[in-house]
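First up is the structure itself, then whatever we jot down about it.
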Amino acid sequence: AAPKAVTCGSVIYASINTATSTDPDSLTDGIRDQWYSMSGNGRRVYASTCSSLTNFNTVVETYTGACSGLRRLAYNDNAASCPANSQASNVSWDAVSGTVYRIRVRPTSATITSGKYALKITCGGVIRAATPTPTRTKSPSP
């Protein structure tokens, strides 16, 4: 199944009870997971399962690239910044406009086969593009 599209302000209530470990092709770790996708918007993005509704030990990861060659950008297991639930997780990344990001929510191991979670997507400030370093060139000789 295709990942569910999310945007800034999305709050998803889901479970891993019926999740599979078949998407995407490059991850064959046997762990039940749920996948989401988001188009880059030029802002800092935060994805978090920090909620009292999350009732299992979660991992949140963010990837770019095609399903057959994903590249992990961010990973978190047990965010210290989550007072509501010590087993919840959160990640953040700079979402470059035009880039598709895949967000994976999963348990910490394949032995966890059921559980509910709340995934919240929020967006921060606009990211600044890297400023190129000026290159000195020689002045032409007269």
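Here, A, B, ... name the chains of the structure tokens in the order displayed, residue numbers run from 1 inside each chain, and ligands are numbered from 1 in the same displayed order.
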Pick out the residues sitting within 8 Å of A:Ala79, and hand them over as a compact mmCIF listing (two decimals) with N, CA and C atoms, in the first residue's frame; count only C-alpha atoms, and ignore anything fewer than 5 positions along from it in its own chain.
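The result, stored in selection.txt:
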```
# COMPACT_ATOMS: atom_id res chain seq x y z
N SER A 86 7.45 8.12 28.13
CA SER A 86 8.89 7.90 28.02
C SER A 86 9.27 6.95 26.89
N GLN A 87 8.30 6.25 26.31
CA GLN A 87 8.59 5.33 25.20
C GLN A 87 8.21 5.91 23.84
N ALA A 88 7.80 7.17 23.81
CA ALA A 88 7.45 7.83 22.56
C ALA A 88 8.71 8.40 21.92
N SER A 89 8.60 8.77 20.65
CA SER A 89 9.76 9.22 19.89
C SER A 89 9.41 10.43 19.04
N ASN A 90 10.45 11.22 18.69
CA ASN A 90 10.23 12.33 17.76
C ASN A 90 11.49 12.59 16.95
```
Q: Pick out the residues sitting within 6 Å of stretch 48-53 of chain A, and hand them over as a PyMOL selection string; count only C-alpha atoms, and ignore anything fewer than 5 positions along from it in its own chain.
A: chain A and resi 82+84-85+88-90+117-120
If you keep N, CA and C atoms, can you produce a file of those selected residues as a CSV table (one decimal), in the first residue's frame?
```
chain,number,residue,atom,x,y,z
A,82,CYS,N,9.9,14.1,25.9
A,82,CYS,CA,8.5,13.7,25.9
A,82,CYS,C,8.0,13.3,27.3
A,84,ALA,N,5.0,13.2,28.4
A,84,ALA,CA,3.8,12.4,28.4
A,84,ALA,C,4.0,10.9,28.3
A,85,ASN,N,5.1,10.5,27.7
A,85,ASN,CA,5.3,9.1,27.5
A,85,ASN,C,6.8,8.8,27.2
A,88,ALA,N,7.8,7.2,23.8
A,88,ALA,CA,7.4,7.8,22.6
A,88,ALA,C,8.7,8.4,21.9
A,89,SER,N,8.6,8.8,20.6
A,89,SER,CA,9.8,9.2,19.9
A,89,SER,C,9.4,10.4,19.0
A,90,ASN,N,10.4,11.2,18.7
A,90,ASN,CA,10.2,12.3,17.8
A,90,ASN,C,11.5,12.6,17.0
A,117,TYR,N,-1.0,4.4,18.5
A,117,TYR,CA,-0.1,5.6,18.6
A,117,TYR,C,-0.8,6.8,18.0
A,118,ALA,N,-0.3,8.0,18.4
A,118,ALA,CA,-0.8,9.2,17.8
A,118,ALA,C,0.5,9.8,17.2
A,119,LEU,N,0.4,10.1,15.9
A,119,LEU,CA,1.6,10.8,15.2
A,119,LEU,C,1.2,12.2,14.9
A,120,LYS,N,1.9,13.1,15.4
A,120,LYS,CA,1.6,14.5,15.1
A,120,LYS,C,2.8,15.1,14.2
```
(Q) Would you pick out the contacts of A:Val91 at 10 Å or less, using only C-alpha atoms, so that residues sharing its chain but fewer than 5 positions from it are not included, and give the list as a list in words? (A)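 Final neighbour list, sorted by chain and number: Val45, Tyr46, Ala47, Ser48, Thr49, Val59, Val60, Glu61, Thr62, Leu73, Ala74, Tyr75, Asn76, Asp77, Ala79, Ile103 and Ile121 of chain A.
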Please produce an output containing N, CA, C and O atoms for each residue in the selection, written as a PDB file, in the first residue's frame.
```
ATOM      1  N   VAL A  45      10.490  20.434   9.931  1.00  0.00           N
ATOM      2  CA  VAL A  45       9.336  19.569  10.192  1.00  0.00           C
ATOM      3  C   VAL A  45       9.648  18.690  11.398  1.00  0.00           C
ATOM      4  O   VAL A  45      10.766  18.211  11.574  1.00  0.00           O
ATOM      5  N   TYR A  46       8.618  18.481  12.222  1.00  0.00           N
ATOM      6  CA  TYR A  46       8.721  17.641  13.415  1.00  0.00           C
ATOM      7  C   TYR A  46       7.664  16.541  13.312  1.00  0.00           C
ATOM      8  O   TYR A  46       6.507  16.824  13.022  1.00  0.00           O
ATOM      9  N   ALA A  47       8.072  15.298  13.545  1.00  0.00           N
ATOM     10  CA  ALA A  47       7.143  14.162  13.570  1.00  0.00           C
ATOM     11  C   ALA A  47       7.300  13.501  14.936  1.00  0.00           C
ATOM     12  O   ALA A  47       8.404  13.139  15.330  1.00  0.00           O
ATOM     13  N   SER A  48       6.190  13.351  15.660  1.00  0.00           N
ATOM     14  CA  SER A  48       6.273  12.891  17.037  1.00  0.00           C
ATOM     15  C   SER A  48       5.144  11.943  17.403  1.00  0.00           C
ATOM     16  O   SER A  48       3.999  12.148  17.013  1.00  0.00           O
ATOM     17  N   THR A  49       5.493  10.913  18.184  1.00  0.00           N
ATOM     18  CA  THR A  49       4.481  10.040  18.787  1.00  0.00           C
ATOM     19  C   THR A  49       4.324  10.361  20.270  1.00  0.00           C
ATOM     20  O   THR A  49       3.792   9.560  21.040  1.00  0.00           O
ATOM     21  N   VAL A  59       9.506   3.817  17.509  1.00  0.00           N
ATOM     22  CA  VAL A  59      10.649   4.415  16.817  1.00  0.00           C
ATOM     23  C   VAL A  59      10.050   5.237  15.687  1.00  0.00           C
ATOM     24  O   VAL A  59       9.128   4.776  15.002  1.00  0.00           O
ATOM     25  N   VAL A  60      10.571   6.445  15.487  1.00  0.00           N
ATOM     26  CA  VAL A  60      10.160   7.274  14.355  1.00  0.00           C
ATOM     27  C   VAL A  60      11.400   7.524  13.506  1.00  0.00           C
ATOM     28  O   VAL A  60      12.455   7.893  14.029  1.00  0.00           O
ATOM     29  N   GLU A  61      11.256   7.301  12.199  1.00  0.00           N
ATOM     30  CA  GLU A  61      12.355   7.493  11.262  1.00  0.00           C
ATOM     31  C   GLU A  61      11.863   8.304  10.071  1.00  0.00           C
ATOM     32  O   GLU A  61      10.697   8.230   9.718  1.00  0.00           O
ATOM     33  N   THR A  62      12.777   9.044   9.447  1.00  0.00           N
ATOM     34  CA  THR A  62      12.464   9.794   8.237  1.00  0.00           C
ATOM     35  C   THR A  62      13.473   9.428   7.160  1.00  0.00           C
ATOM     36  O   THR A  62      14.666   9.330   7.431  1.00  0.00           O
ATOM     37  N   LEU A  73      17.302   9.898   7.119  1.00  0.00           N
ATOM     38  CA  LEU A  73      17.714  11.235   7.540  1.00  0.00           C
ATOM     39  C   LEU A  73      17.671  11.410   9.045  1.00  0.00           C
ATOM     40  O   LEU A  73      18.489  12.123   9.613  1.00  0.00           O
ATOM     41  N   ALA A  74      16.673  10.805   9.672  1.00  0.00           N
ATOM     42  CA  ALA A  74      16.469  11.017  11.111  1.00  0.00           C
ATOM     43  C   ALA A  74      15.929   9.747  11.740  1.00  0.00           C
ATOM     44  O   ALA A  74      15.207   8.978  11.102  1.00  0.00           O
ATOM     45  N   TYR A  75      16.304   9.544  13.020  1.00  0.00           N
ATOM     46  CA  TYR A  75      15.904   8.355  13.765  1.00  0.00           C
ATOM     47  C   TYR A  75      15.788   8.750  15.235  1.00  0.00           C
ATOM     48  O   TYR A  75      16.621   9.482  15.748  1.00  0.00           O
ATOM     49  N   ASN A  76      14.750   8.240  15.916  1.00  0.00           N
ATOM     50  CA  ASN A  76      14.662   8.446  17.355  1.00  0.00           C
ATOM     51  C   ASN A  76      13.901   7.306  17.999  1.00  0.00           C
ATOM     52  O   ASN A  76      12.890   6.835  17.477  1.00  0.00           O
ATOM     53  N   ASP A  77      14.402   6.885  19.158  1.00  0.00           N
ATOM     54  CA  ASP A  77      13.769   5.882  20.008  1.00  0.00           C
ATOM     55  C   ASP A  77      13.808   6.442  21.430  1.00  0.00           C
ATOM     56  O   ASP A  77      14.886   6.697  21.953  1.00  0.00           O
ATOM     57  N   ALA A  79      12.286   9.539  23.096  1.00  0.00           N
ATOM     58  CA  ALA A  79      12.677  10.944  23.183  1.00  0.00           C
ATOM     59  C   ALA A  79      12.674  11.420  24.631  1.00  0.00           C
ATOM     60  O   ALA A  79      11.676  11.295  25.335  1.00  0.00           O
ATOM     61  N   ILE A 103       7.999   8.928   6.293  1.00  0.00           N
ATOM     62  CA  ILE A 103       8.063   8.841   7.749  1.00  0.00           C
ATOM     63  C   ILE A 103       7.601   7.439   8.138  1.00  0.00           C
ATOM     64  O   ILE A 103       6.523   7.000   7.732  1.00  0.00           O
ATOM     65  N   ILE A 121       2.352  15.834  13.176  1.00  0.00           N
ATOM     66  CA  ILE A 121       3.287  16.507  12.281  1.00  0.00           C
ATOM     67  C   ILE A 121       3.130  18.009  12.490  1.00  0.00           C
ATOM     68  O   ILE A 121       2.034  18.538  12.340  1.00  0.00           O
TER      69      ILE A 121
END
```
(Q) What's around A:Arg44 at 6 Å? Count only C-alpha atoms, leave out sequence neighbours fewer than 4 positions away in its own chain, and write the answer as a list in words. (A)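 Near neighbours after the sequence-gap exclusion: Trp93, Asp94, Ala95, Cys123, Gly124 and Gly125 of chain A.
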Keeping only N, CA, C and O atoms, write the selected residues as a short mmCIF file (atom, residue, chain, number, x, y, z; two decimals), in the first residue's frame.
```
data_model
loop_
_atom_site.label_atom_id
_atom_site.label_comp_id
_atom_site.auth_asym_id
_atom_site.auth_seq_id
_atom_site.Cartn_x
_atom_site.Cartn_y
_atom_site.Cartn_z
N TRP A 93 13.59 17.47 10.83
CA TRP A 93 14.49 17.62 9.68
C TRP A 93 14.09 18.87 8.90
O TRP A 93 12.98 19.37 9.04
N ASP A 94 15.03 19.36 8.09
CA ASP A 94 14.76 20.48 7.20
C ASP A 94 14.17 19.92 5.92
O ASP A 94 14.83 19.18 5.19
N ALA A 95 12.91 20.25 5.66
CA ALA A 95 12.19 19.69 4.52
C ALA A 95 12.35 20.60 3.30
O ALA A 95 11.66 21.61 3.16
N CYS A 123 5.19 21.99 11.88
CA CYS A 123 6.22 22.67 11.09
C CYS A 123 6.67 23.94 11.80
O CYS A 123 5.86 24.66 12.36
N GLY A 124 7.97 24.15 11.74
CA GLY A 124 8.57 25.34 12.34
C GLY A 124 8.85 26.39 11.28
O GLY A 124 8.19 26.46 10.25
N GLY A 125 9.90 27.14 11.54
CA GLY A 125 10.25 28.25 10.67
C GLY A 125 10.80 27.83 9.33
O GLY A 125 11.15 26.67 9.10
#
```
Q: Would you mind telling me which residue in A:Val105, A:Arg72, A:Ile112, A:Val11 lies nearest to A:Trp35 when using only C-alpha atoms?
A: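 The answer is A:Val105, which sits nearest to A:Trp35.
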(Q) For a quick check of understanding, using only C-alpha atoms, which of A:Val96, A:Ile12, A:Ala110, A:Ile31 has the smallest distance to A:Arg128? (A) A:Val96
As a PDB file with C-alpha atoms, in the first residue's frame, list the residues of stretch 59-137 of chain A assigned to strand (DSSP E or B) by DSSP on the backbone atoms of this structure.
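To be explicit, this is the file written out as result-v3.pdb:
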```pdb
ATOM      1  CA  VAL A  59      10.649   4.415  16.817  1.00  0.00           C
ATOM      2  CA  VAL A  60      10.160   7.274  14.355  1.00  0.00           C
ATOM      3  CA  GLU A  61      12.355   7.493  11.262  1.00  0.00           C
ATOM      4  CA  THR A  62      12.464   9.794   8.237  1.00  0.00           C
ATOM      5  CA  TYR A  63      13.775   8.826   4.802  1.00  0.00           C
ATOM      6  CA  THR A  64      14.260  10.270   1.326  1.00  0.00           C
ATOM      7  CA  ARG A  71      18.338   7.029   2.725  1.00  0.00           C
ATOM      8  CA  ARG A  72      17.590   7.607   6.430  1.00  0.00           C
ATOM      9  CA  LEU A  73      17.714  11.235   7.540  1.00  0.00           C
ATOM     10  CA  ALA A  74      16.469  11.017  11.111  1.00  0.00           C
ATOM     11  CA  TYR A  75      15.904   8.355  13.765  1.00  0.00           C
ATOM     12  CA  ASN A  76      14.662   8.446  17.355  1.00  0.00           C
ATOM     13  CA  ASP A  77      13.769   5.882  20.008  1.00  0.00           C
ATOM     14  CA  ASN A  90      10.230  12.326  17.760  1.00  0.00           C
ATOM     15  CA  VAL A  91      12.381  13.460  14.854  1.00  0.00           C
ATOM     16  CA  SER A  92      12.920  16.702  12.987  1.00  0.00           C
ATOM     17  CA  TRP A  93      14.491  17.624   9.677  1.00  0.00           C
ATOM     18  CA  ASP A  94      14.761  20.484   7.201  1.00  0.00           C
ATOM     19  CA  ALA A  95      12.191  19.689   4.515  1.00  0.00           C
ATOM     20  CA  VAL A 100       9.423  13.720  -0.878  1.00  0.00           C
ATOM     21  CA  TYR A 101       9.993  12.485   2.671  1.00  0.00           C
ATOM     22  CA  ARG A 102       8.835   9.138   4.043  1.00  0.00           C
ATOM     23  CA  ILE A 103       8.063   8.841   7.749  1.00  0.00           C
ATOM     24  CA  ARG A 104       8.109   5.410   9.343  1.00  0.00           C
ATOM     25  CA  VAL A 105       6.479   4.619  12.703  1.00  0.00           C
ATOM     26  CA  ARG A 106       7.340   1.236  14.154  1.00  0.00           C
ATOM     27  CA  PRO A 107       7.871  -0.628  17.410  1.00  0.00           C
ATOM     28  CA  LYS A 116      -1.819   2.260  19.221  1.00  0.00           C
ATOM     29  CA  TYR A 117      -0.120   5.586  18.645  1.00  0.00           C
ATOM     30  CA  ALA A 118      -0.756   9.215  17.817  1.00  0.00           C
ATOM     31  CA  LEU A 119       1.554  10.755  15.216  1.00  0.00           C
ATOM     32  CA  LYS A 120       1.648  14.536  15.106  1.00  0.00           C
ATOM     33  CA  ILE A 121       3.287  16.507  12.281  1.00  0.00           C
ATOM     34  CA  THR A 122       4.186  20.124  13.005  1.00  0.00           C
ATOM     35  CA  CYS A 123       6.219  22.667  11.093  1.00  0.00           C
ATOM     36  CA  GLY A 124       8.567  25.341  12.341  1.00  0.00           C
ATOM     37  CA  GLY A 125      10.249  28.252  10.674  1.00  0.00           C
ATOM     38  CA  VAL A 126      11.427  28.594   7.122  1.00  0.00           C
TER      39      VAL A 126
END
```
Q.
So that I can see what lies close to A:Thr18, please list as a count of residues only the residues with an atom at most 10 Å from it, counting only C-alpha atoms and leaving out residues fewer than 3 positions away in the same chain.
A. 8
